[in-house]
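Visitor: Have a look at this one before I ask anything.
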Amino acid sequence: MSLPKDVTAEMAAGYMPQEVEAKWYEWWESEGFFRPSGDSSKGKFVIVLPPPNVTGSLHLGHTLTCAIQDCLVRWHRMLGHDTLWVPGTDHAGIATQVVVEKKLQKEEGKSRHDYGRQAFLEKVFEWKDKSAGTIQLQLRRIAASLDWSREAFTMDPVRCESVTEAFIRLFEKGLIYRSTRLVNWCPALKTVLSDLEVEYIDVEKNAKIRVPGYLKQVEFGILVHFAYKVDGSETGEEIVVATTRPETMLGDSAIAIHPEDKRYKHLHGKFVRHPFQDRLIPIICDSVLVDMTFGTGAVKVTPAHDPNDFVCGKRHNLPEISVFDDDGKMNANGAPFQGLPRFECRTAIIKAMEQKGILKSVEGHAMRLGVCSRTGDVIEPMIKPQWFCNCAGMAARATQAARDKTLRIIPEWHCDTWYRWLDNIHDWCISRQLWWGHRIPAYCVRIAGQPNVEWVVARSTEEARTKAEAKFPGSVIESMDQDPDVLDTWFSSGLFPFSVCGWPNNTNDMARYFPGNLLETGHDILFFWVARMVMMSLELTDQLPFTEVFLHAMVRDKFGRKMSKSLGNVIDPIDVIHGISLEELGKKLEQGNLDPREVEKAKKGQKEQFPSGIPECGADALRFTLLNYTSQGRDINLDVGRVQGYRQWCNKLWNTIRFALLNFTGFVPQTDGLSALQEDSVQSLLLFADKWILSRLADCVASVNSALGEFDFGGATTLVYTFWLYELCDVYLESMKPVMRAGTDVEKRNAQAVLFHCLEVSLRLTHPFMPFLTEELWQHLPGIKAFQDVSGKCSIMLQDYPVASDVSKLRNVSLENDMKLVSDVVHAVRSMRASYNITSQKLQLFVRCRSSEATSATRAGSALIATLAQCEKVEVLDDESVEIPLGCGVQVLSDKVAVYVMLKGVIDADNEIKKLNKKLATAEASKDAIRKRVEMVGYEERVPEKVRQENTTKLQQLEVEISDILRGIDEMNKLK
């Protein structure tokens with residue numbers, strides 16, 4: 001099988017990400033490596049990609065999701081599981097429609113209404129195709145090994161059939177119904193939102209907030225007290241009420257008082273007169289709504305614009321007077337302010353109250369404000385006929401699944417949130433007043449002679465007419481029109497785990513790959529998406545869609561701020577992979593849909609975070625960084641500088657293979673060579689360093705598999721990094737150099753075999769984290785074609801993942817303990833080198849051992865100590881009668897081991913004494929200065945205790961320092 005690159009050519013002098021990452025993905029995909037094997041003998045692993053919105057491009061939050069999922073997918077695939085990772089995109093009703101409308105307005109000055117529904121939808125599909133193409137490119141660039149042959153889009157024909165079928169089945173079960181209720185209305189979008197799409201912000205007193213559609217900022221955080229005149233009162237009696245939304249008083253239906261409030265007993269059954277509409281409003285008694293100890297004990301009731309008032313209105317059969325139109329302007333019920341935008345009406349109505357003498361006060365009042373998560377517009381509760389889904393039964397099954405552990409949520413602390421939300425779930429408003437989305441399969445039927453409309457739910461217009469005729473036999477159907485509304489985006493997303501398998505049809509994929517194993521996503525969409533998938537799957541398929549849910553952290557910038565376009569801190573993964581200048585980052589902002597007022601602010605944010613732009617880091621370094629960051633908890637504060645650090649580590653791996661290739665002359669690896677290294681006859685011939693690195697490899701293999709099994713990606717990446725850098729490179733490669741120069745033929749051959757298998761196994765171990773680099777380096781290893789599979793294909797992707805049983809016999813805990821002592825000796829020598837500024841000069845080393853274990857370990861590792869500590873002689877002394885030569889520096893490691901380094905003739909004693917005398921003079925001067933202050937008259941009385949304690953501590957530290965310097969001078973004099 002031909003490879004996409006010539007791996008026989010000499011490796012480049014340094015690691016170049018774009019060169020390394022070129023061609024491999026296209027080759028993997030064309031060879032079909034991403035498709036499931038169909039062999040389920042070792043089990044299956046099925047996961048769906050949380051479908052990104054077709055609103056533009058992916059950001060680093062998506063990259064984290066893909067890095068985690070691809071890591072798991074590659075791991076399971078190499079473990080031999082029948083592995084399927086399904087890609088897809090989400091139509092994202094509100095978000096995509098907003099983006100396209102903004103684009104059309106900016107470029108053409110047109111709204112969707114200028115186009116009409118069908119023409120506008122064609123524009124959105126054009127945008128979708130472009131955005132989906134960008135997303136596909138990004139996913140490929142970060143090496144996401146998705147089965148592209150199964151790619152799904154939530155509005156493609158298969159998914160549309162699934163959505164229609166789900167709606168009809170839930171309707172026929174009585175779980176979907178139509179009702180007129182109080183809903184969250186966004187005037188900017190002119191659509192209903194679910195409770196989850198409303199963000200609540202804390203507003204300080206008299207806060208000015210920018211609201212879409214208003215040139216000036218709008219004041220919130222006020223409490224307006226005004227009076228209603230009691231009708232028929234000869235004394236002009238008033239009832240004072242308070243509100244943060246004075247414009248809604250135009251829709252007041254009652255004044256509520258507590259039935260036991262003595263102040264208002266005489267007003268039971270009376271009325272007040274509306275000051276602007278000359279209508280009577282009843283005074284009602286309601287012990288639920290009213291707290292008679294709060295404020296005036298009287299509450300205005302506006303059932304059409306407040307959730308609590310809506311419930312109160314139902315209890316008392318009050319009229320529901322809606323005063324806003326869909327644009328957020330006052331309608332005819334808002335006379336005499338009809339036509340005014342709601343917040344301009346607020347100002348006008350306060351002024352009118354003052355003119356009428358009923359305004360009592362306007363004071364600052366901190367409050368919570370509901371805003372649209374998409375537009376930032378202030379949400380208005382409004383009465384609207386909508387479609388709802390009764391979720392109570394489905395939610396109960398979802399919580400029970402988590403409680404009985406048939407559904408495992410990881411980390412487990414999210415279970416409390418899961419229970420709290422699902423145990424208190426409300427019916428879900430599933431209709432949206434948009435054009436982009438799944439048209440609701442419901443038809444409005446108008447029957448001659450009947451004032452009210454009827455509804456039928458059907459798969460097509462023909463089926464709807466048949467159902468209507470059967471439901472209303474003998475009636476004349478004047479018209480029948482499909483509901484213009486569309487379904488909430490999360491309705492179709494909730495079907496994704498089984499709609500991608502072809503549900504409701506009995507497909508092969510449904511039989512083989514549903515249900516899946518895992519759902520991996522960010523914890524921020526636990527309820528938007530995860531809960532709805534679980535609920536709808538249980539209801540429609542009677543199965544959980546997956547058995548595990550892993551919720552990863554959120555990606556923030558290095559300052560801990562949420563990623564936001566207005567802050568200029570949203571990062572395109574391609575910009576980290578390829579690098580980008582600060583100027584180009586700014587141009588991207590200018591080309592986007594960001595409000596021009598926000599562009600300069602965002603540019604300042606970019607300059608603060610990326611003063612020199614973003615350097616080229618490569619996909620492997622970006623993936624590895626994000627995976628490593630997951631050990632930090634809920635949020636990831638990403639510093640691009642850290643990605644650059646792992647790019648340098650990639651260069652270290654590159655150079656490690658280059659070095660290895662220089663030492664593989666004449667070496668031909670055996671495919672069963674790893675097994676041979678575990679045989680006792682071979683082990684007996686291996687050097688200390690050989691056996692140690694194989695033992696560390698065995699431990700790393702077992703630990704990485706364990707970490708991945710627990711979704712501990714931070715732990716797994718740290719294990720891999722530590723083995724490569726601190727054990728294989730820093731220790732074993734250094735120990736190998738003198739062997740390859742002067743070792744016996746057997747020692748050289750063994751070292752080559754040990755190094756080859758350490759590299760080959762480690763590359764396989766690292767592949768799920770860094771797929772591009774590991775494929776390239778693995779292909780460069782000598783004789784690697786012998787590792788091709790039975791079909792003749794040779795890729796690291798097709799190799800078995802190293803597992804503990806492969807290398808279990810290599811583990812030698814006793815030898816690793818010996819290595820701990822060897823490392824301590826090396827560290828002690830290096831410490832003395834640093835202390836005396838000894839660089840490359842070879843040293844004589846004596847190690848005094850006072851136990852047989854220490855003697856055995858030090859002697860076994862003496863060659864390694866000599867190499868790593870740059871010693872020409874390492875002498876292990878276990879006989880107390882043998883004296884240490886004069887002129888040695890010493891470090892005591894324990895009561896069993898002391899390290900002596902010959903310094904006589906190595907360092908310039910006179911020069912060292914001069915340096916020490918200079919330090920001594922400085923220390924003594926500092927000591928004298930502090931002592932003079934301490935001995936001043938009145939020191940105890942005038943100087944604060946904290947300062948006195950600091951001076952006492954400094955004196956003690958200086959005395960110790962001076963003692964150490966004097967001891968050092970004495971030691972130097974002995975070397976003269």
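Here's how to read the names in the structure tokens: chain A, B, ... by the order shown, residue numbers from 1 in each chain, ligand numbers from 1 in the order shown.
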Name the residues of region 413-636 of chain A that come out as strand (DSSP E) in a backbone DSSP run; write them as a ChimeraX atom specification.
Guide: /A:428-429,431-432,442-447,454-457,477-482,486-487,518-522,548-552,554-557,635-636
Visitor: Extract, using only C-alpha atoms, all DNA, RNA and protein residues at most 6 Å from region 489-506 of chain A, discarding same-chain residues fewer than 4 positions from it, and format them as a list in words.
Guide: Ala92, Gly93, Arg159, Ser162, Val163, Met510, Arg532 and Met533 of chain A
Visitor: Show me, as a count of residues only, the residues that have an atom within 9 Å of region 913-920 of chain A when counting only C-alpha atoms, minus same-chain residues fewer than 6 positions from it.
Guide: 9
Visitor: If you count only C-alpha atoms, which residues fall within 12 Å of Ile257 (chain A), apart from same-chain ones fewer than 4 positions away, as an NGL selection string?
Guide: :A and (239-241 or 261-270 or 282-301 or 312)
Visitor: With C-alpha atoms kept, could you save the residues just selected as a PDB file, in the first residue's frame?
Guide:
ATOM      1  CA  ILE A 239     -54.280  52.670  47.000  1.00  0.00           C
ATOM      2  CA  VAL A 240     -50.529  52.939  46.330  1.00  0.00           C
ATOM      3  CA  VAL A 241     -48.771  50.163  44.389  1.00  0.00           C
ATOM      4  CA  ASP A 261     -55.085  43.146  56.073  1.00  0.00           C
ATOM      5  CA  LYS A 262     -57.082  45.449  58.383  1.00  0.00           C
ATOM      6  CA  ARG A 263     -55.986  48.535  56.441  1.00  0.00           C
ATOM      7  CA  TYR A 264     -58.045  47.492  53.446  1.00  0.00           C
ATOM      8  CA  LYS A 265     -61.000  45.610  55.000  1.00  0.00           C
ATOM      9  CA  HIS A 266     -63.368  48.401  54.001  1.00  0.00           C
ATOM     10  CA  LEU A 267     -62.319  48.067  50.346  1.00  0.00           C
ATOM     11  CA  HIS A 268     -63.337  44.456  49.866  1.00  0.00           C
ATOM     12  CA  GLY A 269     -65.465  44.236  46.722  1.00  0.00           C
ATOM     13  CA  LYS A 270     -64.661  47.827  45.693  1.00  0.00           C
ATOM     14  CA  PRO A 282     -61.607  45.292  40.916  1.00  0.00           C
ATOM     15  CA  ILE A 283     -59.915  45.108  44.294  1.00  0.00           C
ATOM     16  CA  ILE A 284     -59.458  41.396  44.971  1.00  0.00           C
ATOM     17  CA  CYS A 285     -58.327  39.416  48.018  1.00  0.00           C
ATOM     18  CA  ASP A 286     -55.446  37.000  47.422  1.00  0.00           C
ATOM     19  CA  SER A 287     -53.374  35.562  50.268  1.00  0.00           C
ATOM     20  CA  VAL A 288     -51.009  33.770  47.829  1.00  0.00           C
ATOM     21  CA  LEU A 289     -49.835  36.734  45.779  1.00  0.00           C
ATOM     22  CA  VAL A 290     -49.829  39.386  48.532  1.00  0.00           C
ATOM     23  CA  ASP A 291     -47.481  39.724  51.475  1.00  0.00           C
ATOM     24  CA  MET A 292     -49.212  42.347  53.629  1.00  0.00           C
ATOM     25  CA  THR A 293     -45.944  43.091  55.490  1.00  0.00           C
ATOM     26  CA  PHE A 294     -44.175  44.121  52.289  1.00  0.00           C
ATOM     27  CA  GLY A 295     -44.481  47.614  50.864  1.00  0.00           C
ATOM     28  CA  THR A 296     -47.992  49.040  50.972  1.00  0.00           C
ATOM     29  CA  GLY A 297     -49.576  45.585  51.091  1.00  0.00           C
ATOM     30  CA  ALA A 298     -51.274  46.231  47.747  1.00  0.00           C
ATOM     31  CA  VAL A 299     -50.165  44.672  44.463  1.00  0.00           C
ATOM     32  CA  LYS A 300     -51.075  45.552  40.883  1.00  0.00           C
ATOM     33  CA  VAL A 301     -52.110  42.462  38.902  1.00  0.00           C
ATOM     34  CA  CYS A 312     -53.424  34.877  40.120  1.00  0.00           C
TER      35      CYS A 312
END
Visitor: Counting only C-alpha atoms, which residue out of A:Leu686, A:His780, A:Ser856, A:Ser894 sits closest to Thr8 (chain A)?
Guide: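 Ranked by minimum distance to Thr8 (chain A), first place goes to A:His780.
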Visitor: I'd like the neighbourhood of region 205-215 of chain A as a PyMOL selection string, where a residue qualifies if any of its atoms comes within 9 Å (using only C-alpha atoms), though same-chain residues fewer than 5 positions away should be ignored.
Guide: chain A and resi 188+220-222+341+343+363-367+375-378
Visitor: A:Ala751, A:Val183, A:Ala143, A:Ala442: which is nearest Pro381 (chain A), counting only C-alpha atoms?
Guide: A:Val183
Visitor: Please provide the set of residues having any atom within 12 Å of Lys587 (chain A), restricted to only C-alpha atoms, with same-chain residues fewer than 5 positions apart removed, written as a ChimeraX atom specification.
Guide: /A:568,580-582,592,594,599-600,602-603,606
Visitor: Could you save the residues just selected, with N, CA and C atoms, as a JSON list (two decimals), in the first residue's frame?
Guide:
[["chain", "number", "residue", "atom", "x", "y", "z"],
["A", 568, "GLY", "N", -13.20, 40.23, 21.71],
["A", 568, "GLY", "CA", -12.10, 39.92, 20.80],
["A", 568, "GLY", "C", -11.27, 38.73, 21.24],
["A", 580, "ILE", "N", -1.37, 33.53, 13.08],
["A", 580, "ILE", "CA", -2.02, 34.70, 12.46],
["A", 580, "ILE", "C", -1.49, 35.97, 13.11],
["A", 581, "SER", "N", -1.35, 37.01, 12.33],
["A", 581, "SER", "CA", -0.86, 38.28, 12.87],
["A", 581, "SER", "C", -1.98, 39.03, 13.58],
["A", 582, "LEU", "N", -1.60, 39.97, 14.40],
["A", 582, "LEU", "CA", -2.59, 40.81, 15.09],
["A", 582, "LEU", "C", -3.42, 41.58, 14.07],
["A", 592, "GLY", "N", -16.80, 40.45, 10.06],
["A", 592, "GLY", "CA", -17.89, 39.72, 10.70],
["A", 592, "GLY", "C", -19.15, 40.56, 10.86],
["A", 594, "LEU", "N", -20.21, 41.76, 13.76],
["A", 594, "LEU", "CA", -20.14, 42.49, 15.01],
["A", 594, "LEU", "C", -20.57, 43.94, 14.81],
["A", 599, "VAL", "N", -16.44, 46.80, 17.45],
["A", 599, "VAL", "CA", -15.23, 46.34, 16.75],
["A", 599, "VAL", "C", -13.96, 46.88, 17.40],
["A", 600, "GLU", "N", -13.93, 48.18, 17.68],
["A", 600, "GLU", "CA", -12.72, 48.76, 18.27],
["A", 600, "GLU", "C", -12.47, 48.21, 19.67],
["A", 602, "ALA", "N", -13.30, 45.28, 20.65],
["A", 602, "ALA", "CA", -12.82, 43.92, 20.46],
["A", 602, "ALA", "C", -11.36, 43.91, 20.02],
["A", 603, "LYS", "N", -10.98, 44.88, 19.19],
["A", 603, "LYS", "CA", -9.58, 44.96, 18.76],
["A", 603, "LYS", "C", -8.65, 45.22, 19.94],
["A", 606, "GLN", "N", -8.13, 42.00, 21.60],
["A", 606, "GLN", "CA", -7.17, 41.16, 20.87],
["A", 606, "GLN", "C", -5.74, 41.59, 21.15]]
Visitor: Counting only C-alpha atoms, figure out which residue out of A:Val98, A:Leu139, A:Leu369, A:Ala12 gets nearest to Trp435 (chain A).
Guide: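 Of the candidates, the smallest distance to Trp435 (chain A) is held by A:Val98.
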Visitor: Would you kindly return, as an mmCIF file with N, CA and C atoms, in the first residue's frame, each protein, DNA or RNA residue with an atom no farther than 10 Å from any atom of Val549 (chain A), considering only C-alpha atoms and excluding same-chain residues fewer than 4 positions away?
Guide:
data_model
loop_
_atom_site.group_PDB
_atom_site.id
_atom_site.type_symbol
_atom_site.label_atom_id
_atom_site.label_comp_id
_atom_site.auth_asym_id
_atom_site.auth_seq_id
_atom_site.Cartn_x
_atom_site.Cartn_y
_atom_site.Cartn_z
ATOM 1 N N LEU A 407 -27.709 5.234 33.733
ATOM 2 C CA LEU A 407 -27.106 6.373 33.050
ATOM 3 C C LEU A 407 -26.084 6.976 34.000
ATOM 4 N N ARG A 408 -24.822 6.950 33.601
ATOM 5 C CA ARG A 408 -23.745 7.462 34.450
ATOM 6 C C ARG A 408 -23.349 8.861 33.982
ATOM 7 N N ILE A 409 -23.455 9.841 34.875
ATOM 8 C CA ILE A 409 -23.086 11.222 34.553
ATOM 9 C C ILE A 409 -21.747 11.523 35.211
ATOM 10 N N ILE A 410 -20.776 11.984 34.408
ATOM 11 C CA ILE A 410 -19.414 12.228 34.864
ATOM 12 C C ILE A 410 -19.025 13.663 34.500
ATOM 13 N N PRO A 411 -18.464 14.428 35.443
ATOM 14 C CA PRO A 411 -18.268 14.171 36.869
ATOM 15 C C PRO A 411 -19.615 14.052 37.607
ATOM 16 N N GLU A 412 -19.593 13.295 38.683
ATOM 17 C CA GLU A 412 -20.831 12.934 39.360
ATOM 18 C C GLU A 412 -21.529 14.122 40.000
ATOM 19 N N ASN A 517 -22.758 4.504 23.122
ATOM 20 C CA ASN A 517 -22.088 4.282 24.409
ATOM 21 C C ASN A 517 -21.956 5.553 25.241
ATOM 22 N N LEU A 518 -21.591 6.638 24.578
ATOM 23 C CA LEU A 518 -21.167 7.829 25.323
ATOM 24 C C LEU A 518 -21.711 9.082 24.675
ATOM 25 N N LEU A 519 -22.043 10.056 25.505
ATOM 26 C CA LEU A 519 -22.310 11.424 25.050
ATOM 27 C C LEU A 519 -21.299 12.308 25.749
ATOM 28 N N GLU A 520 -20.493 13.003 24.973
ATOM 29 C CA GLU A 520 -19.464 13.885 25.530
ATOM 30 C C GLU A 520 -19.739 15.292 25.038
ATOM 31 N N THR A 521 -19.851 16.233 25.987
ATOM 32 C CA THR A 521 -20.150 17.617 25.603
ATOM 33 C C THR A 521 -19.829 18.549 26.765
ATOM 34 N N HIS A 523 -20.657 21.125 29.874
ATOM 35 C CA HIS A 523 -21.701 21.084 30.901
ATOM 36 C C HIS A 523 -22.733 22.190 30.732
ATOM 37 N N LEU A 526 -26.233 20.870 29.412
ATOM 38 C CA LEU A 526 -26.756 19.695 30.103
ATOM 39 C C LEU A 526 -28.272 19.597 29.933
ATOM 40 N N VAL A 530 -28.602 17.510 26.484
ATOM 41 C CA VAL A 530 -28.405 16.173 27.055
ATOM 42 C C VAL A 530 -29.712 15.628 27.633
#
Visitor: Run DSSP on the backbone and tell me which residues of region 511-644 of chain A come out as helix (DSSP H, G or I); list them as a ChimeraX atom specification.
Guide: /A:511-513,523-541,565-567,573-578,582-591,596-609,619-632,640-644
Visitor: Limited to C-alpha atoms, could you put the picked residues into a file as a short mmCIF file (atom, residue, chain, number, x, y, z; two decimals), in the first residue's frame?
Guide:
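This went into again09.cif:
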data_model
loop_
_atom_site.label_atom_id
_atom_site.label_comp_id
_atom_site.auth_asym_id
_atom_site.auth_seq_id
_atom_site.Cartn_x
_atom_site.Cartn_y
_atom_site.Cartn_z
CA ALA A 511 -29.92 -2.46 14.78
CA ARG A 512 -26.12 -2.34 15.06
CA TYR A 513 -25.19 1.08 16.45
CA HIS A 523 -21.70 21.08 30.90
CA ASP A 524 -23.40 24.28 29.69
CA ILE A 525 -25.86 22.33 27.52
CA LEU A 526 -26.76 19.69 30.10
CA PHE A 527 -30.44 20.71 29.90
CA PHE A 528 -30.60 22.29 26.45
CA TRP A 529 -29.49 19.07 24.82
CA VAL A 530 -28.40 16.17 27.05
CA ALA A 531 -31.60 15.96 29.11
CA ARG A 532 -33.79 16.29 26.05
CA MET A 533 -31.96 13.50 24.22
CA VAL A 534 -32.41 11.21 27.22
CA MET A 535 -36.09 12.12 27.64
CA MET A 536 -37.03 11.80 23.96
CA SER A 537 -35.06 8.60 23.43
CA LEU A 538 -36.73 6.92 26.41
CA GLU A 539 -40.15 8.05 25.19
CA LEU A 540 -39.73 7.24 21.49
CA THR A 541 -37.42 4.18 21.53
CA LYS A 565 -16.72 38.28 19.97
CA SER A 566 -17.20 41.68 21.58
CA LEU A 567 -14.15 41.05 23.78
CA PRO A 573 -8.54 26.85 15.92
CA ILE A 574 -7.11 27.34 12.42
CA ASP A 575 -5.49 30.56 13.64
CA VAL A 576 -3.67 28.63 16.36
CA ILE A 577 -2.74 25.80 14.01
CA HIS A 578 -1.35 28.04 11.23
CA LEU A 582 -2.59 40.81 15.09
CA GLU A 583 -3.50 42.79 11.97
CA GLU A 584 -5.22 39.79 10.37
CA LEU A 585 -7.11 39.09 13.60
CA GLY A 586 -8.45 42.63 13.43
CA LYS A 587 -9.53 42.23 9.80
CA LYS A 588 -11.56 39.17 10.76
CA LEU A 589 -13.51 41.31 13.23
CA GLU A 590 -14.22 43.91 10.55
CA GLN A 591 -15.51 41.26 8.15
CA PRO A 596 -19.34 48.57 14.50
CA ARG A 597 -19.41 50.12 18.00
CA GLU A 598 -17.99 46.86 19.36
CA VAL A 599 -15.23 46.34 16.75
CA GLU A 600 -12.72 48.76 18.27
CA LYS A 601 -13.42 47.43 21.75
CA ALA A 602 -12.82 43.92 20.46
CA LYS A 603 -9.58 44.96 18.76
CA LYS A 604 -8.29 46.30 22.07
CA GLY A 605 -9.15 42.93 23.61
CA GLN A 606 -7.17 41.16 20.87
CA LYS A 607 -4.16 43.40 21.41
CA GLU A 608 -4.29 42.72 25.15
CA GLN A 609 -4.38 38.96 24.70
CA ALA A 619 -3.01 20.84 15.43
CA ASP A 620 -1.20 18.26 17.55
CA ALA A 621 0.10 20.84 20.02
CA LEU A 622 -3.33 22.48 20.24
CA ARG A 623 -5.08 19.16 20.87
CA PHE A 624 -2.52 18.06 23.44
CA THR A 625 -2.78 21.37 25.29
CA LEU A 626 -6.56 21.29 25.49
CA LEU A 627 -6.56 17.69 26.69
CA ASN A 628 -3.92 18.46 29.30
CA TYR A 629 -5.90 21.47 30.53
CA THR A 630 -8.89 19.28 31.43
CA SER A 631 -7.20 18.37 34.71
CA GLN A 632 -7.78 21.89 36.01
CA VAL A 640 -1.87 30.34 23.74
CA GLY A 641 1.67 30.55 25.10
CA ARG A 642 1.15 27.12 26.61
CA VAL A 643 0.16 25.73 23.22
CA GLN A 644 3.41 27.12 21.87
#
